[in-house]
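The next block holds one structure in the form of structure tokens; read it before the comments.
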Amino acid sequence: MEDARITVPMIQQFKDHGRKITMLTAYDATMARLVDAAGIDIVLCGDSLGNVILGYENTLPVTLDMMVHHTAAVARGARRALLIADLPFMSYQTSLEDAVRAAGRLIQEGGAQAVKLEGGSPYIQDVVRRLVEIGIPVMGHLGWTPQFVNAMGKASVRGRTRDSAQEILDQARGLQDAGAFAIVLEVTPERLANLITDTLTLPIIGIGAGPGCDGQVLVSYDMLGMDETQTFRHVKRYTDAGRQIFQAFERYRDDVMKGAFPERRHSFAMDEDELAGLDEGS
Ligand code: KIV
């Protein structure tokens, strides 16, 4: 029998029972099926698809239509994991109404069970309150927040000074009070992450925030080593999929060139009489 689908309330129960929460990104049905089958709790259709799938420099060009399209694909692959979709840049910053419509599309058309958004300002807290009020669970995202790349500059550790750490702590508390069910904390000093994790009651999912968080998330393409040129301190590479795929492509090219593929076992037979009966024309 299939395991029961992970729900938002279960994520809170995991924290309450001290059970670590696992989360990975996926952007298509095949990857989602693998993440799901591996028993990962949360599959995130992240706007990091802008970088890893679509080849953009950052996540800003990712549109709501793109997110809906990819989230629906992930939904077709994931059966058990909780499916969260990122609200992309400019889909929730303009007004509460836009935020509701955007989140609604990710739930209705994409099949997500919850949405994630970045930042923790009073306006963002209002967005969270409004979405939660109408039954859309929200995951926050603080620390390094890629949609703020033009304001923050390049990716770097956030919360190293007392003021910036205080701001992250206050915003985390604000998101919790607004009803967020969890927060992703990205590239933040370990001791600050521990303090937030221990102080707040909602689950904190770290990425580059140390082992003390309630759970961990990684971009699947990073932990699979799909791009050898990308090295991030916070990422552990579990395989070198990029190299393996590249080598497979090379072997295929060589096989085709020298006639070693396809072999007889990859081909299909035909009855001799049927073949003999063919009119080959003049
Ligand atoms: O878009 C994304 O993949 C994310 C993760 C890094 C948490 O937000």
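Please note that chains go A, B, ... in the order of the structure tokens, that every chain numbers its residues from 1, and that ligands are numbered from 1 in the order shown.
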> What are the DSSP helix (DSSP H, G or I) residues of stretch 46-225 of chain A, as a ChimeraX atom specification?
Replying inline: /A:49-52,64-77,96-108,122-133,146-152,162-178,190-199,220-223
> Got a sec to check which residues lie within 6 Å of ligand 1, using only C-alpha atoms and all ligand atoms, and send them as JSON, numbers by chain?
Replying inline: {"A": [25, 46, 47, 48, 219]}
> What lies within 12 Å of A:Met90 using only C-alpha atoms, ignoring chain neighbours under 2 positions off, as JSON, numbers by chain?
Replying inline: {"A": [59, 60, 61, 62, 63, 64, 86, 87, 88, 92, 93, 94, 95, 96, 98, 99, 102, 117, 118, 147, 148]}
Written selection (N, CA, C and O atoms) as a tab-separated table (two decimals), in the first residue's frame:
chain	number	residue	atom	x	y	z
A	59	THR	N	16.72	34.29	-10.87
A	59	THR	CA	15.32	33.82	-10.89
A	59	THR	C	14.34	34.90	-11.35
A	59	THR	O	13.15	34.61	-11.52
A	60	LEU	N	14.81	36.10	-11.57
A	60	LEU	CA	13.89	37.21	-11.86
A	60	LEU	C	13.06	37.03	-13.15
A	60	LEU	O	11.90	37.45	-13.19
A	61	PRO	N	13.60	36.43	-14.22
A	61	PRO	CA	12.78	36.28	-15.43
A	61	PRO	C	11.69	35.21	-15.33
A	61	PRO	O	10.87	35.08	-16.25
A	62	VAL	N	11.69	34.44	-14.26
A	62	VAL	CA	10.70	33.35	-14.16
A	62	VAL	C	9.30	33.93	-13.97
A	62	VAL	O	9.07	34.76	-13.09
A	63	THR	N	8.37	33.49	-14.82
A	63	THR	CA	7.01	34.02	-14.77
A	63	THR	C	6.06	33.04	-14.07
A	63	THR	O	6.39	31.86	-13.88
A	64	LEU	N	4.88	33.54	-13.76
A	64	LEU	CA	3.87	32.70	-13.13
A	64	LEU	C	3.46	31.56	-14.07
A	64	LEU	O	3.29	30.42	-13.63
A	86	ASP	N	7.01	27.77	-5.75
A	86	ASP	CA	7.46	29.14	-5.49
A	86	ASP	C	6.55	30.14	-6.20
A	86	ASP	O	6.23	29.97	-7.38
A	87	LEU	N	6.19	31.19	-5.49
A	87	LEU	CA	5.56	32.35	-6.13
A	87	LEU	C	6.70	33.13	-6.78
A	87	LEU	O	7.63	33.56	-6.08
A	88	PRO	N	6.68	33.31	-8.10
A	88	PRO	CA	7.81	33.98	-8.74
A	88	PRO	C	7.79	35.50	-8.54
A	88	PRO	O	6.76	36.07	-8.14
A	92	TYR	N	3.54	38.49	-6.54
A	92	TYR	CA	2.89	38.77	-5.24
A	92	TYR	C	3.33	40.11	-4.65
A	92	TYR	O	2.77	40.55	-3.65
A	93	GLN	N	4.29	40.77	-5.30
A	93	GLN	CA	4.81	42.03	-4.76
A	93	GLN	C	3.91	43.22	-5.07
A	93	GLN	O	4.02	44.27	-4.44
A	94	THR	N	3.03	43.09	-6.06
A	94	THR	CA	2.25	44.23	-6.55
A	94	THR	C	1.01	44.53	-5.70
A	94	THR	O	0.68	45.69	-5.50
A	95	SER	N	0.33	43.51	-5.23
A	95	SER	CA	-0.85	43.74	-4.37
A	95	SER	C	-1.29	42.41	-3.74
A	95	SER	O	-0.94	41.33	-4.25
A	96	LEU	N	-2.08	42.53	-2.71
A	96	LEU	CA	-2.59	41.31	-2.06
A	96	LEU	C	-3.46	40.53	-3.04
A	96	LEU	O	-3.44	39.30	-3.06
A	98	ASP	N	-3.19	40.41	-6.35
A	98	ASP	CA	-2.33	39.68	-7.28
A	98	ASP	C	-1.75	38.43	-6.62
A	98	ASP	O	-1.64	37.37	-7.25
A	99	ALA	N	-1.37	38.60	-5.35
A	99	ALA	CA	-0.79	37.46	-4.62
A	99	ALA	C	-1.79	36.33	-4.50
A	99	ALA	O	-1.45	35.15	-4.71
A	102	ALA	N	-2.20	34.69	-7.96
A	102	ALA	CA	-1.01	33.91	-8.34
A	102	ALA	C	-0.96	32.61	-7.54
A	102	ALA	O	-0.77	31.52	-8.12
A	117	LEU	N	7.16	32.05	-0.61
A	117	LEU	CA	7.50	33.40	-1.07
A	117	LEU	C	8.71	33.90	-0.29
A	117	LEU	O	9.09	33.33	0.73
A	118	GLU	N	9.32	34.97	-0.80
A	118	GLU	CA	10.57	35.46	-0.21
A	118	GLU	C	10.35	36.77	0.53
A	118	GLU	O	9.54	37.62	0.11
A	147	GLN	N	15.31	36.50	-5.10
A	147	GLN	CA	14.51	37.52	-5.80
A	147	GLN	C	14.94	38.95	-5.43
A	147	GLN	O	14.52	39.90	-6.07
A	148	PHE	N	15.78	39.09	-4.38
A	148	PHE	CA	16.29	40.40	-3.97
A	148	PHE	C	17.70	40.64	-4.52
A	148	PHE	O	18.42	41.48	-4.00
> Which residues come within 8 Å of stretch 28-35 of chain A, counting only C-alpha atoms, excluding same-chain residues fewer than 6 positions away, as JSON, numbers by chain?
Replying inline: {"A": [43, 70, 71, 73, 74, 75, 76, 77, 78, 79]}
I'd like the contact shell of A:Trp144 - 8 Å cut-off, only C-alpha atoms, skipping same-chain residues fewer than 5 positions apart - returned as an mmCIF file with N, CA, C and O atoms, in the first residue's frame.
data_model
loop_
_atom_site.group_PDB
_atom_site.id
_atom_site.type_symbol
_atom_site.label_atom_id
_atom_site.label_comp_id
_atom_site.auth_asym_id
_atom_site.auth_seq_id
_atom_site.Cartn_x
_atom_site.Cartn_y
_atom_site.Cartn_z
ATOM 1 N N ALA A 155 25.119 36.480 -4.221
ATOM 2 C CA ALA A 155 24.784 35.549 -3.135
ATOM 3 C C ALA A 155 25.874 35.570 -2.073
ATOM 4 O O ALA A 155 27.054 35.407 -2.381
ATOM 5 N N SER A 156 25.491 35.798 -0.822
ATOM 6 C CA SER A 156 26.459 35.811 0.267
ATOM 7 C C SER A 156 25.729 35.540 1.579
ATOM 8 O O SER A 156 24.503 35.588 1.639
ATOM 9 N N VAL A 157 26.512 35.264 2.618
ATOM 10 C CA VAL A 157 25.927 34.938 3.916
ATOM 11 C C VAL A 157 25.155 36.140 4.445
ATOM 12 O O VAL A 157 25.643 37.269 4.413
ATOM 13 N N ARG A 158 23.956 35.889 4.924
ATOM 14 C CA ARG A 158 23.076 36.951 5.462
ATOM 15 C C ARG A 158 22.925 36.770 6.971
ATOM 16 O O ARG A 158 22.733 35.642 7.429
ATOM 17 N N LEU A 185 15.517 28.979 5.474
ATOM 18 C CA LEU A 185 16.552 29.921 5.897
ATOM 19 C C LEU A 185 17.790 29.626 5.062
ATOM 20 O O LEU A 185 18.385 28.551 5.181
ATOM 21 N N GLU A 186 18.154 30.589 4.204
ATOM 22 C CA GLU A 186 19.210 30.303 3.221
ATOM 23 C C GLU A 186 20.491 31.077 3.515
ATOM 24 O O GLU A 186 20.461 32.299 3.706
ATOM 25 N N VAL A 187 21.588 30.364 3.514
ATOM 26 C CA VAL A 187 22.948 30.905 3.685
ATOM 27 C C VAL A 187 23.000 31.914 4.844
ATOM 28 O O VAL A 187 23.204 33.114 4.667
ATOM 29 N N THR A 188 22.866 31.355 6.023
ATOM 30 C CA THR A 188 22.775 32.128 7.262
ATOM 31 C C THR A 188 23.718 31.482 8.282
ATOM 32 O O THR A 188 23.848 30.252 8.282
#
> How would you write, as a ChimeraX atom specification, the set of residues in stretch 43-252 of chain A that DSSP gives as strand (DSSP E or B)?
Replying inline: /A:43-45,82-86,114-116,138-143,182-186,204-207,215-218
Using only N, CA, C and O atoms, please write the residues we just selected to a file, as a CSV table (one decimal), in the first residue's frame.
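Wrote it out as part32.csv, contents follow:
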chain,number,residue,atom,x,y,z
A,43,VAL,N,8.6,18.2,-1.8
A,43,VAL,CA,9.2,18.5,-3.2
A,43,VAL,C,8.9,19.9,-3.5
A,43,VAL,O,7.7,20.3,-3.4
A,44,LEU,N,9.9,20.7,-3.8
A,44,LEU,CA,9.7,22.1,-4.1
A,44,LEU,C,9.9,22.4,-5.5
A,44,LEU,O,11.0,22.1,-6.1
A,45,CYS,N,8.8,22.9,-6.2
A,45,CYS,CA,9.1,23.4,-7.6
A,45,CYS,C,9.5,24.8,-7.4
A,45,CYS,O,8.7,25.7,-7.2
A,82,LEU,N,4.9,16.3,0.0
A,82,LEU,CA,4.2,17.6,0.0
A,82,LEU,C,4.7,18.5,-1.1
A,82,LEU,O,5.9,18.7,-1.2
A,83,LEU,N,3.8,18.9,-2.0
A,83,LEU,CA,4.3,19.7,-3.1
A,83,LEU,C,4.1,21.2,-2.9
A,83,LEU,O,3.0,21.7,-2.7
A,84,ILE,N,5.2,21.9,-2.8
A,84,ILE,CA,5.2,23.4,-2.6
A,84,ILE,C,5.7,24.1,-3.9
A,84,ILE,O,6.7,23.6,-4.5
A,85,ALA,N,5.1,25.1,-4.3
A,85,ALA,CA,5.5,25.9,-5.5
A,85,ALA,C,5.9,27.3,-5.1
A,85,ALA,O,5.3,27.9,-4.3
A,86,ASP,N,7.0,27.8,-5.7
A,86,ASP,CA,7.5,29.1,-5.5
A,86,ASP,C,6.6,30.1,-6.2
A,86,ASP,O,6.2,30.0,-7.4
A,114,ALA,N,0.9,24.0,-1.3
A,114,ALA,CA,1.3,25.2,-0.6
A,114,ALA,C,2.2,26.0,-1.5
A,114,ALA,O,2.7,25.5,-2.5
A,115,VAL,N,2.4,27.3,-1.1
A,115,VAL,CA,3.3,28.1,-1.9
A,115,VAL,C,4.4,28.7,-1.0
A,115,VAL,O,4.3,28.7,0.2
A,116,LYS,N,5.5,29.1,-1.6
A,116,LYS,CA,6.6,29.7,-0.9
A,116,LYS,C,6.8,31.1,-1.5
A,116,LYS,O,6.7,31.3,-2.7
A,138,VAL,N,1.5,28.8,3.5
A,138,VAL,CA,2.6,29.5,3.0
A,138,VAL,C,3.9,29.2,3.7
A,138,VAL,O,3.9,29.2,4.9
A,139,MET,N,4.9,28.9,2.9
A,139,MET,CA,6.3,28.8,3.5
A,139,MET,C,7.0,30.1,3.2
A,139,MET,O,7.0,30.6,2.1
A,140,GLY,N,7.7,30.6,4.2
A,140,GLY,CA,8.5,31.8,4.1
A,140,GLY,C,9.9,31.4,3.6
A,140,GLY,O,10.3,30.3,3.5
A,141,HIS,N,10.7,32.5,3.3
A,141,HIS,CA,12.1,32.3,2.8
A,141,HIS,C,12.9,33.5,3.2
A,141,HIS,O,12.6,34.6,2.7
A,142,LEU,N,13.8,33.3,4.1
A,142,LEU,CA,14.6,34.4,4.6
A,142,LEU,C,16.1,34.1,4.5
A,142,LEU,O,16.5,33.0,4.2
A,143,GLY,N,17.0,35.1,4.8
A,143,GLY,CA,18.4,35.0,4.7
A,143,GLY,C,18.8,35.5,3.3
A,143,GLY,O,18.3,36.6,2.9
A,182,ALA,N,6.1,27.2,7.8
A,182,ALA,CA,7.5,26.9,7.8
A,182,ALA,C,8.3,28.0,7.2
A,182,ALA,O,7.7,28.8,6.5
A,183,ILE,N,9.6,28.0,7.4
A,183,ILE,CA,10.5,29.0,6.8
A,183,ILE,C,11.7,28.3,6.2
A,183,ILE,O,12.4,27.5,6.9
A,184,VAL,N,12.1,28.7,5.0
A,184,VAL,CA,13.4,28.3,4.5
A,184,VAL,C,14.4,29.4,4.9
A,184,VAL,O,14.1,30.6,4.7
A,185,LEU,N,15.5,29.0,5.5
A,185,LEU,CA,16.6,29.9,5.9
A,185,LEU,C,17.8,29.6,5.1
A,185,LEU,O,18.4,28.6,5.2
A,186,GLU,N,18.2,30.6,4.2
A,186,GLU,CA,19.2,30.3,3.2
A,186,GLU,C,20.5,31.1,3.5
A,186,GLU,O,20.5,32.3,3.7
A,204,ILE,N,11.9,25.2,10.7
A,204,ILE,CA,12.9,26.0,10.0
A,204,ILE,C,13.7,25.0,9.1
A,204,ILE,O,14.3,24.0,9.6
A,205,ILE,N,13.6,25.2,7.8
A,205,ILE,CA,14.3,24.4,6.8
A,205,ILE,C,15.5,25.1,6.3
A,205,ILE,O,15.4,26.2,5.7
A,206,GLY,N,16.7,24.6,6.6
A,206,GLY,CA,17.9,25.3,6.3
A,206,GLY,C,18.5,24.9,4.9
A,206,GLY,O,18.3,23.8,4.4
A,207,ILE,N,19.2,25.8,4.3
A,207,ILE,CA,20.0,25.6,3.1
A,207,ILE,C,21.3,26.5,3.3
A,207,ILE,O,21.2,27.7,3.2
A,215,GLY,N,15.0,21.0,9.4
A,215,GLY,CA,15.1,20.2,8.2
A,215,GLY,C,16.1,20.8,7.2
A,215,GLY,O,16.7,21.9,7.5
A,216,GLN,N,16.3,20.2,6.1
A,216,GLN,CA,17.3,20.6,5.1
A,216,GLN,C,16.7,20.6,3.7
A,216,GLN,O,15.9,19.7,3.4
A,217,VAL,N,17.1,21.6,2.9
A,217,VAL,CA,16.7,21.6,1.5
A,217,VAL,C,17.9,21.8,0.6
A,217,VAL,O,18.8,22.6,1.0
A,218,LEU,N,17.9,21.2,-0.5
A,218,LEU,CA,19.0,21.5,-1.5
A,218,LEU,C,18.3,21.6,-2.9
A,218,LEU,O,17.3,21.0,-3.1
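Among the candidates A:His69, A:Lys236, A:Arg80, A:Arg253, the residue lying nearest to A:Ala4 is A:Arg80 (atoms considered: only C-alpha atoms).
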> Near A:Arg160, counting only C-alpha atoms, which residues have an atom at most 10 Å away, once you skip same-chain residues fewer than 5 positions from it, shown as JSON, numbers by chain?
Replying inline: {"A": [165, 166, 188, 189, 190, 191, 192]}
> Quick one: residues within 8 Å of stretch 237-244 of chain A, only C-alpha atoms counted, chain neighbours fewer than 3 positions away excluded, as a ChimeraX atom specification?
Replying inline: /A:222-228,247-248
Requested write-out: N, CA and C atoms of the selected residues, as a PDB file, in the first residue's frame:
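Output contents, as saved in result37.pdb:
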ATOM      1  N   ASP A 222      22.058  20.716  -7.938  1.00  0.00           N
ATOM      2  CA  ASP A 222      23.336  20.980  -7.257  1.00  0.00           C
ATOM      3  C   ASP A 222      23.838  19.718  -6.566  1.00  0.00           C
ATOM      4  N   MET A 223      22.964  19.058  -5.798  1.00  0.00           N
ATOM      5  CA  MET A 223      23.429  17.887  -5.036  1.00  0.00           C
ATOM      6  C   MET A 223      23.703  16.684  -5.947  1.00  0.00           C
ATOM      7  N   LEU A 224      23.140  16.713  -7.150  1.00  0.00           N
ATOM      8  CA  LEU A 224      23.413  15.641  -8.115  1.00  0.00           C
ATOM      9  C   LEU A 224      24.685  15.907  -8.916  1.00  0.00           C
ATOM     10  N   GLY A 225      25.220  17.124  -8.810  1.00  0.00           N
ATOM     11  CA  GLY A 225      26.427  17.461  -9.566  1.00  0.00           C
ATOM     12  C   GLY A 225      26.166  17.575 -11.048  1.00  0.00           C
ATOM     13  N   MET A 226      25.029  18.121 -11.431  1.00  0.00           N
ATOM     14  CA  MET A 226      24.685  18.232 -12.854  1.00  0.00           C
ATOM     15  C   MET A 226      25.606  19.210 -13.582  1.00  0.00           C
ATOM     16  N   ASP A 227      26.040  20.259 -12.878  1.00  0.00           N
ATOM     17  CA  ASP A 227      26.927  21.253 -13.493  1.00  0.00           C
ATOM     18  C   ASP A 227      28.227  21.297 -12.702  1.00  0.00           C
ATOM     19  N   GLU A 228      29.283  20.717 -13.298  1.00  0.00           N
ATOM     20  CA  GLU A 228      30.560  20.615 -12.571  1.00  0.00           C
ATOM     21  C   GLU A 228      31.185  21.960 -12.277  1.00  0.00           C
ATOM     22  N   GLN A 247      29.348  11.462 -20.256  1.00  0.00           N
ATOM     23  CA  GLN A 247      30.067  10.277 -20.756  1.00  0.00           C
ATOM     24  C   GLN A 247      29.127   9.341 -21.516  1.00  0.00           C
ATOM     25  N   ALA A 248      27.886   9.236 -21.046  1.00  0.00           N
ATOM     26  CA  ALA A 248      26.903   8.393 -21.751  1.00  0.00           C
ATOM     27  C   ALA A 248      26.623   8.967 -23.146  1.00  0.00           C
TER      28      ALA A 248
END
